[in-house]
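*Asks:* Quick one, my_file-v4.tsv (TSV, C-alpha atoms):
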```
chain	number	residue	atom	x	y	z
A	1	MET	CA	-30.66	99.45	152.78
A	2	SER	CA	-30.08	97.83	149.43
A	3	ARG	CA	-32.27	95.66	147.32
A	4	PHE	CA	-31.40	91.99	146.89
A	5	ARG	CA	-32.86	89.27	144.73
A	6	VAL	CA	-33.02	86.00	146.64
A	7	SER	CA	-33.75	82.78	144.76
A	8	VAL	CA	-35.02	79.74	146.63
A	9	HIS	CA	-35.38	76.15	145.47
A	10	ILE	CA	-38.19	74.20	147.14
A	11	VAL	CA	-38.35	70.48	146.40
A	12	PRO	CA	-40.28	67.51	147.80
A	13	ARG	CA	-38.36	65.95	150.65
A	14	MET	CA	-36.48	62.75	149.94
A	15	GLY	CA	-38.74	59.95	151.09
A	16	VAL	CA	-41.92	61.76	150.09
A	17	LEU	CA	-43.24	60.14	146.92
A	18	ASP	CA	-43.11	62.70	144.09
A	19	PRO	CA	-45.45	61.42	141.37
A	20	GLN	CA	-44.71	64.43	139.15
A	21	GLY	CA	-41.01	63.66	139.34
A	22	HIS	CA	-41.71	60.01	138.49
A	23	ALA	CA	-43.81	60.98	135.48
A	24	VAL	CA	-41.07	63.30	134.22
A	25	ALA	CA	-38.42	60.62	134.79
A	26	ASP	CA	-40.51	58.13	132.79
A	27	ALA	CA	-40.82	60.65	129.96
A	28	LEU	CA	-37.06	61.29	129.97
A	29	HIS	CA	-36.44	57.54	129.82
A	30	SER	CA	-38.75	57.22	126.85
A	31	LEU	CA	-36.77	60.02	125.15
A	32	GLY	CA	-33.67	57.86	125.52
A	33	PHE	CA	-32.09	59.50	128.56
A	34	ALA	CA	-31.28	56.17	130.13
A	35	GLN	CA	-28.87	57.79	132.59
A	36	VAL	CA	-31.72	59.46	134.54
A	37	ARG	CA	-32.00	57.93	138.02
A	38	ASP	CA	-34.40	60.27	139.79
A	39	VAL	CA	-36.32	63.49	139.12
A	40	ARG	CA	-37.97	65.70	141.71
A	41	VAL	CA	-40.22	68.55	140.66
A	42	GLY	CA	-40.44	71.55	142.95
A	43	ARG	CA	-40.80	75.33	142.87
A	44	HIS	CA	-38.41	78.17	142.30
A	45	VAL	CA	-39.35	81.33	144.19
A	46	VAL	CA	-37.64	84.69	143.58
A	47	VAL	CA	-38.02	87.31	146.31
A	48	ASP	CA	-36.84	90.91	145.89
A	49	ALA	CA	-36.28	92.34	149.35
A	50	ASP	CA	-34.63	95.29	151.01
A	51	ALA	CA	-31.89	94.52	153.53
A	52	ASP	CA	-28.64	95.93	154.89
A	53	THR	CA	-26.52	93.01	153.73
A	54	PRO	CA	-26.90	89.96	151.47
A	55	GLU	CA	-26.69	87.79	154.60
A	56	ALA	CA	-29.62	89.64	156.17
A	57	ALA	CA	-31.64	89.24	152.96
A	58	GLY	CA	-30.88	85.51	152.96
A	59	ASP	CA	-31.81	85.15	156.64
A	60	ALA	CA	-35.11	86.93	156.07
A	61	VAL	CA	-36.03	84.68	153.14
A	62	ARG	CA	-35.02	81.62	155.15
A	63	THR	CA	-37.55	82.68	157.80
A	64	MET	CA	-40.13	83.25	155.07
A	65	CYS	CA	-39.53	79.69	153.87
A	66	GLU	CA	-39.99	78.30	157.36
A	67	ARG	CA	-43.22	80.22	157.90
A	68	LEU	CA	-44.90	80.12	154.50
A	69	LEU	CA	-42.94	79.37	151.33
A	70	ALA	CA	-42.11	75.76	152.21
A	71	ASN	CA	-43.88	73.14	154.32
A	72	PRO	CA	-41.22	71.31	156.36
A	73	VAL	CA	-43.44	68.22	156.59
A	74	ILE	CA	-43.11	67.58	152.87
A	75	GLU	CA	-40.51	69.96	151.43
A	76	ASP	CA	-36.86	70.96	151.68
A	77	PHE	CA	-35.66	74.39	150.64
A	78	GLU	CA	-32.34	75.83	149.70
A	79	ILE	CA	-31.31	79.41	149.01
A	80	ALA	CA	-29.89	79.14	145.50
A	81	SER	CA	-28.53	82.67	145.09
A	82	ILE	CA	-28.53	86.19	146.52
A	83	ALA	CA	-27.75	88.96	144.04
A	84	ARG	CA	-28.44	92.58	143.19
A	85	PRO	CA	-31.52	92.69	140.92
B	1	MET	CA	-77.01	74.34	168.20
B	2	ARG	CA	-75.09	76.54	165.84
B	3	PHE	CA	-72.61	75.56	163.15
B	4	GLY	CA	-70.26	78.27	161.87
B	5	ILE	CA	-69.23	77.64	158.27
B	6	VAL	CA	-66.19	79.54	157.05
B	7	THR	CA	-66.17	80.92	153.51
B	8	PHE	CA	-62.72	81.58	152.05
B	9	PRO	CA	-62.31	83.10	148.59
B	10	GLY	CA	-62.48	79.91	146.52
B	11	SER	CA	-64.53	77.80	148.94
B	12	ASN	CA	-67.09	75.78	146.99
B	13	SER	CA	-68.54	73.37	149.53
B	14	ASP	CA	-69.65	75.96	152.08
B	15	ILE	CA	-73.23	75.98	150.80
B	16	ASP	CA	-73.32	72.17	150.78
B	17	ALA	CA	-72.26	72.25	154.44
B	18	TYR	CA	-74.95	74.85	155.18
B	19	GLN	CA	-77.60	72.66	153.59
B	20	ALA	CA	-76.40	69.54	155.39
B	21	VAL	CA	-76.81	71.40	158.70
B	22	VAL	CA	-80.03	73.31	158.02
B	23	ASP	CA	-81.93	70.92	155.75
B	24	GLY	CA	-80.20	67.69	156.74
B	25	ILE	CA	-80.35	67.80	160.52
B	26	GLY	CA	-82.49	70.88	161.18
B	27	GLU	CA	-79.88	72.83	163.11
B	28	GLU	CA	-78.77	76.42	162.82
B	29	ALA	CA	-75.89	77.50	160.57
B	30	VAL	CA	-74.14	80.82	160.16
B	31	MET	CA	-71.75	81.70	157.35
B	32	LEU	CA	-68.44	83.20	158.51
B	33	TRP	CA	-66.47	85.32	156.04
B	34	HIS	CA	-62.74	84.69	156.06
B	35	LYS	CA	-62.00	88.32	157.00
B	36	ALA	CA	-64.22	88.19	160.08
B	37	HIS	CA	-62.75	88.15	163.60
B	38	ASP	CA	-65.78	86.65	165.29
B	39	LEU	CA	-67.18	83.10	165.21
B	40	GLU	CA	-70.64	84.48	166.09
B	41	GLY	CA	-71.23	82.03	168.88
B	42	ALA	CA	-70.71	78.91	166.79
B	43	ASP	CA	-70.66	75.62	168.73
B	44	VAL	CA	-68.93	73.84	165.85
B	45	VAL	CA	-66.79	75.34	163.08
B	46	VAL	CA	-66.72	73.81	159.60
B	47	LEU	CA	-63.74	74.45	157.33
B	48	PRO	CA	-65.31	73.53	153.97
B	49	GLY	CA	-64.00	72.15	150.71
B	50	GLY	CA	-62.90	74.21	147.74
B	51	PHE	CA	-59.77	75.87	146.48
B	52	ALA	CA	-59.16	78.67	148.97
B	53	TYR	CA	-56.93	81.36	147.44
B	54	GLY	CA	-56.67	79.19	144.34
B	55	ASP	CA	-54.51	76.72	146.28
B	56	TYR	CA	-51.61	79.04	145.37
B	57	LEU	CA	-48.22	77.92	146.72
B	58	ARG	CA	-49.73	74.82	148.37
B	59	ALA	CA	-53.31	73.87	149.15
B	60	GLY	CA	-54.26	75.70	152.34
B	61	ALA	CA	-50.96	77.57	152.68
B	62	ILE	CA	-52.42	81.05	152.20
B	63	ALA	CA	-55.84	80.37	153.74
B	64	ARG	CA	-54.31	79.51	157.09
B	65	PHE	CA	-53.31	83.17	157.42
B	66	SER	CA	-56.87	84.43	156.88
B	67	PRO	CA	-58.04	86.60	159.80
B	68	ILE	CA	-60.76	84.12	160.76
B	69	MET	CA	-58.17	81.36	161.22
B	70	ARG	CA	-56.76	83.11	164.27
B	71	GLU	CA	-60.21	82.76	165.87
B	72	VAL	CA	-60.62	79.20	164.63
B	73	CYS	CA	-57.26	78.15	166.11
B	74	ALA	CA	-58.07	79.84	169.45
B	75	PHE	CA	-61.48	78.12	169.41
B	76	ALA	CA	-59.82	74.76	168.77
B	77	ASP	CA	-57.29	75.39	171.53
B	78	ARG	CA	-60.20	75.92	173.93
B	79	GLY	CA	-61.61	72.54	172.90
B	80	GLY	CA	-64.06	73.85	170.30
B	81	ARG	CA	-65.01	71.31	167.64
B	82	VAL	CA	-63.70	71.86	164.14
B	83	LEU	CA	-64.80	69.74	161.18
B	84	ALA	CA	-62.23	70.18	158.41
B	85	ILE	CA	-63.38	68.78	155.07
B	86	CYS	CA	-61.17	68.33	151.98
B	87	ASN	CA	-59.63	71.81	151.40
B	88	GLY	CA	-60.48	72.45	155.06
B	89	PHE	CA	-58.36	69.40	156.00
B	90	GLN	CA	-55.48	70.85	153.97
B	91	ILE	CA	-55.91	74.21	155.71
B	92	ALA	CA	-56.05	72.56	159.15
B	93	CYS	CA	-52.78	70.73	158.44
B	94	GLU	CA	-51.09	73.91	157.22
B	95	ALA	CA	-52.35	75.72	160.34
B	96	GLY	CA	-50.91	73.03	162.60
B	97	LEU	CA	-54.32	71.99	163.94
B	98	LEU	CA	-53.62	68.50	162.59
B	99	PRO	CA	-50.29	66.76	161.87
B	100	GLY	CA	-49.00	65.80	158.43
B	101	ALA	CA	-49.86	67.17	154.99
B	102	LEU	CA	-51.97	66.46	151.91
B	103	VAL	CA	-49.95	66.21	148.71
B	104	ARG	CA	-50.60	65.47	145.03
B	105	ASN	CA	-52.59	62.29	144.38
B	106	ALA	CA	-50.28	59.39	143.55
B	107	GLY	CA	-51.91	59.01	140.13
B	108	LEU	CA	-51.60	62.77	139.44
B	109	MET	CA	-55.25	62.94	138.34
B	110	PHE	CA	-57.90	65.06	140.01
B	111	LEU	CA	-60.40	62.55	141.40
B	112	GLY	CA	-64.13	63.23	141.47
B	113	GLU	CA	-65.87	59.98	142.33
B	114	SER	CA	-67.75	57.99	144.93
B	115	ILE	CA	-65.48	55.94	147.16
B	116	ARG	CA	-65.77	53.70	150.22
B	117	VAL	CA	-64.38	54.46	153.64
B	118	ARG	CA	-64.51	52.39	156.78
B	119	VAL	CA	-65.20	54.18	160.05
B	120	ALA	CA	-62.21	53.07	162.11
B	121	SER	CA	-63.25	54.84	165.29
B	122	THR	CA	-66.75	55.61	166.57
B	123	GLU	CA	-65.39	56.92	169.86
B	124	THR	CA	-65.13	60.48	168.55
B	125	ALA	CA	-67.50	63.43	168.77
B	126	PHE	CA	-67.71	63.29	164.96
B	127	THR	CA	-68.45	59.60	164.42
B	128	ASN	CA	-70.45	58.36	167.43
B	129	ALA	CA	-73.63	58.01	165.35
B	130	TYR	CA	-71.96	55.42	163.09
B	131	ALA	CA	-71.69	51.70	163.81
B	132	PRO	CA	-68.16	50.42	164.51
B	133	GLY	CA	-66.55	49.35	161.24
B	134	GLN	CA	-69.39	50.79	159.16
B	135	ILE	CA	-68.55	51.30	155.51
B	136	LEU	CA	-69.70	54.58	153.98
B	137	ARG	CA	-70.11	55.68	150.39
B	138	LEU	CA	-68.86	59.26	150.18
B	139	PRO	CA	-67.77	61.46	147.29
B	140	ILE	CA	-64.22	62.69	146.92
B	141	ALA	CA	-63.18	65.67	144.77
B	142	HIS	CA	-59.50	66.50	145.11
B	143	GLY	CA	-56.16	66.69	143.36
B	144	ASP	CA	-54.07	66.89	146.53
B	145	GLY	CA	-55.49	64.26	148.86
B	146	ARG	CA	-52.61	61.91	149.56
B	147	TYR	CA	-52.04	61.99	153.29
B	148	VAL	CA	-48.38	61.90	154.33
B	149	ALA	CA	-46.59	62.42	157.64
B	150	ASP	CA	-43.33	61.42	159.25
B	151	PRO	CA	-43.30	57.69	160.13
B	152	CYS	CA	-43.22	58.54	163.85
B	153	VAL	CA	-46.37	60.65	163.41
B	154	ILE	CA	-48.11	57.81	161.56
B	155	GLU	CA	-47.21	55.41	164.38
B	156	LEU	CA	-48.51	57.90	166.94
B	157	LEU	CA	-51.81	58.29	165.05
B	158	GLU	CA	-52.19	54.52	164.76
B	159	GLY	CA	-51.18	53.87	168.37
B	160	GLU	CA	-53.66	56.40	169.73
B	161	GLY	CA	-56.50	55.26	167.47
B	162	ARG	CA	-56.60	58.65	165.75
B	163	VAL	CA	-57.04	57.31	162.22
B	164	VAL	CA	-60.80	57.81	162.06
B	165	MET	CA	-61.45	56.71	158.48
B	166	ARG	CA	-59.66	54.57	155.91
B	167	TYR	CA	-60.28	54.07	152.21
B	168	VAL	CA	-61.39	50.51	151.53
B	169	ASP	CA	-62.20	48.33	148.53
B	170	ALA	CA	-65.54	46.68	147.73
B	171	ALA	CA	-64.74	43.90	150.18
B	172	GLY	CA	-64.18	46.44	152.92
B	173	ASP	CA	-60.41	45.97	153.10
B	174	ALA	CA	-57.84	48.75	153.20
B	175	THR	CA	-55.99	47.57	150.09
B	176	THR	CA	-54.02	49.42	147.44
B	177	ALA	CA	-56.94	48.88	145.07
B	178	GLY	CA	-59.25	50.61	147.52
B	179	ASN	CA	-56.91	53.56	147.99
B	180	PRO	CA	-57.84	56.24	145.46
B	181	ASN	CA	-54.99	58.69	146.05
B	182	GLY	CA	-52.11	56.71	147.54
B	183	SER	CA	-52.59	57.98	151.11
B	184	THR	CA	-50.27	56.45	153.71
B	185	ARG	CA	-52.03	53.42	155.26
B	186	ASN	CA	-55.21	54.32	153.31
B	187	ILE	CA	-55.80	57.21	155.70
B	188	ALA	CA	-58.89	59.25	154.74
B	189	GLY	CA	-59.44	61.07	158.03
B	190	ILE	CA	-57.64	61.77	161.30
B	191	ILE	CA	-58.39	63.48	164.58
B	192	ASN	CA	-56.16	65.59	166.83
B	193	ALA	CA	-54.90	64.37	170.21
B	194	ALA	CA	-57.56	66.30	172.13
B	195	GLY	CA	-60.32	64.80	169.96
B	196	ASN	CA	-61.90	68.08	168.90
B	197	VAL	CA	-60.49	68.62	165.39
B	198	LEU	CA	-61.34	66.12	162.65
B	199	GLY	CA	-59.91	66.35	159.14
B	200	LEU	CA	-61.10	64.19	156.25
B	201	MET	CA	-60.76	64.30	152.48
B	202	PRO	CA	-64.18	62.76	151.55
B	203	HIS	CA	-67.22	65.04	151.59
B	204	PRO	CA	-69.86	64.04	154.20
B	205	GLU	CA	-71.78	67.26	153.44
B	206	ARG	CA	-72.24	66.16	149.82
B	207	ALA	CA	-73.78	62.87	150.99
B	208	ALA	CA	-76.46	64.42	153.16
B	209	ASP	CA	-79.54	64.35	150.93
B	210	PRO	CA	-81.31	61.09	149.90
B	211	LEU	CA	-81.90	62.66	146.47
B	212	LEU	CA	-78.16	62.43	145.86
B	213	GLY	CA	-77.77	58.80	146.92
B	214	ALA	CA	-77.11	57.23	150.30
B	215	PRO	CA	-76.94	60.02	152.91
B	216	ASP	CA	-73.94	58.43	154.61
B	217	GLY	CA	-72.53	61.80	155.59
B	218	LEU	CA	-75.47	62.90	157.74
B	219	PRO	CA	-74.53	60.86	160.85
B	220	MET	CA	-71.32	62.89	161.08
B	221	PHE	CA	-73.39	66.03	161.65
B	222	GLU	CA	-75.79	64.13	163.91
B	223	SER	CA	-72.84	62.90	165.97
B	224	LEU	CA	-71.79	66.47	166.63
B	225	VAL	CA	-75.26	67.47	167.75
B	226	ALA	CA	-75.53	64.51	170.09
B	227	ARG	CA	-72.13	65.20	171.66
B	228	VAL	CA	-72.32	68.96	171.91
B	229	ALA	CA	-75.86	68.95	173.25
B	230	ALA	CA	-75.00	66.26	175.80
```
Output the file's structure as structure tokens, nothing else.
*Replies:*
Amino acid sequence: MSRFRVSVHIVPRMGVLDPQGHAVADALHSLGFAQVRDVRVGRHVVVDADADTPEAAGDAVRTMCERLLANPVIEDFEIASIARP
Amino acid sequence: MRFGIVTFPGSNSDIDAYQAVVDGIGEEAVMLWHKAHDLEGADVVVLPGGFAYGDYLRAGAIARFSPIMREVCAFADRGGRVLAICNGFQIACEAGLLPGALVRNAGLMFLGESIRVRVASTETAFTNAYAPGQILRLPIAHGDGRYVADPCVIELLEGEGRVVMRYVDAAGDATTAGNPNGSTRNIAGIINAAGNVLGLMPHPERAADPLLGAPDGLPMFESLVARVAA
């Protein structure tokens, strides 16, 4: 067993109105960032977990996302990185 | 008959629900702690409003794993009636008792105000004491009340008449102006396919005493008594 640090990005699904993202996009526009087309605001969750391999750590966190960390009705998730802490 | 009212850490409308049952309609109520494994013979379970577990992660996401929720879900599977109000609605969606989800209000603001809803269906165990199309004044108090679901789910709800309440404007129409939180199709409340789990964002239990304005929420509790006793 080794310890792995798994980072997950959870963002509102495309097609689900994200008013926070809109508000941030409006603020960026008013700062002069005219190139901004869309902003989505989500969560970044970091899980330290024991596993035999990085793949096993990633699989476990994927299951955690499906069961608790993300709500598939409104959110998409993506494992951003798996590293030694 | 006996109402079982669940108290999660962070519930704040559980006592209002108790008073609506005991003082409002003269029935029995028992408080159920979230760590309990027994519904104590409740005929109806109320999942009350509040901020269970601080709404950490997502509203209702942690509460749905409370020990009592295993009993509540089994009770609902057996056809037991569950009234899920505000935070309770969010918990019921997270638990899979109802489809869809409640997300951040379109205007981003927490809303604490009196709104209008139209009773879209009086064929349910929760609304049979209302007149068809009746417009109610009920309070809302939520930051995450915008109902969303996949388009196919919305069509299913509409097709089966399971949208029980809609937000309406002063003229009684389900317009954008009458929609406080941006909910899909002005949806304020829905019922499950079996007709025994109702979720709604407005607070009927906070409109159950004439001292606090029109007691438009009381008939919801009266409906349950009429149906369960029958």
*Asks:* Counting all atoms listed in the file, collect the residues of chain A whose closest atom lies at most 9 Å from chain B, and write them out as a PyMOL selection string.
*Replies:* chain A and resi 16-20+23+43+68-71+73-74
*Asks:* What is the distance, in Å and to one decimal place, between atom CA of B:Pro215 and atom CA of B:Ile115?
*Replies:*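 Taking atom CA of B:Pro215 and atom CA of B:Ile115, their separation equals 13.5 Å.
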*Asks:* Compare A:Ser2, A:Gln35, A:Thr63, A:Ser81 by their minimum atom-to-atom distance to A:Ala49, counting all atoms listed in the file, and give me the closest one.
*Replies:*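 The answer is A:Ser2, which sits nearest to A:Ala49.
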*Asks:* For stretch 26-35 of chain B, what centre and edge lengths in Å (one decimal) does the axis-aligned box get once 6 Å is added on each side of all its listed atoms, as JSON?
*Replies:*
```
{"center_x": -72.2, "center_y": 79.6, "center_z": 159.6, "size_x": 32.5, "size_y": 29.4, "size_z": 19.1}
```
*Asks:* Skipping near chain neighbours, those fewer than 3 positions away, what residues fall within 7 Å of B:Asp16 using all atoms listed in the file, listed as an mmCIF file with C-alpha atoms, keeping the file's coordinate frame?
*Replies:*
```
data_model
loop_
_atom_site.group_PDB
_atom_site.id
_atom_site.type_symbol
_atom_site.label_atom_id
_atom_site.label_comp_id
_atom_site.auth_asym_id
_atom_site.auth_seq_id
_atom_site.Cartn_x
_atom_site.Cartn_y
_atom_site.Cartn_z
ATOM 1 C CA SER B 13 -68.540 73.370 149.530
ATOM 2 C CA GLN B 19 -77.600 72.660 153.590
ATOM 3 C CA ALA B 20 -76.400 69.540 155.390
ATOM 4 C CA GLU B 205 -71.780 67.260 153.440
ATOM 5 C CA ARG B 206 -72.240 66.160 149.820
#
```
*Asks:* Pick the closest to B:Gly79 from B:Ala129, B:Gly172, B:Val21, B:Ala194: which is it, counting all atoms listed in the file?
*Replies:*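 When distances to B:Gly79 are compared using all atoms listed in the file, the smallest one comes from B:Ala194.
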*Asks:* Give the answer as one residue: which of B:Asn196, B:Ser223, B:Thr124, B:Asn181 has the shortest atom-to-atom distance to B:Gly112, using only C-alpha atoms?
*Replies:*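 Of all the options, B:Asn181 lies closest to B:Gly112.
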*Asks:* Using all atoms listed in the file, find all polymer residues with an atom at most 9 Å away from the point (-30.8, 87.0, 146.3); report them as an MDAnalysis selection string.
*Replies:* chainID A and resid 3:8 46:49 54 57:58 61 79:85
*Asks:* Residues around (-39.5, 64.3, 133.1), cut-off 12 Å, counting all atoms listed in the file - what are they as a PyMOL selection string?
*Replies:* chain A and resi 18-34+36-41
*Asks:* Quick one: everything within 10 Å of B:Gly195, counting only C-alpha atoms, minus sequence neighbours fewer than 4 positions away in the same chain. Send it as JSON, numbers by chain.
*Replies:* {"B": [79, 80, 81, 82, 123, 124, 125, 126, 162, 190, 191]}
*Asks:* Measuring atom to atom with only C-alpha atoms, identify which of B:Ser66, B:Asn87, B:Asn192, B:Ser183 is nearest to B:Ser11.
*Replies:* B:Asn87
*Asks:* Could you work out how far atom CA of B:Phe89 lies from atom CA of B:Ala52, giving the answer in Å with one decimal?
*Replies:* 11.7 Å
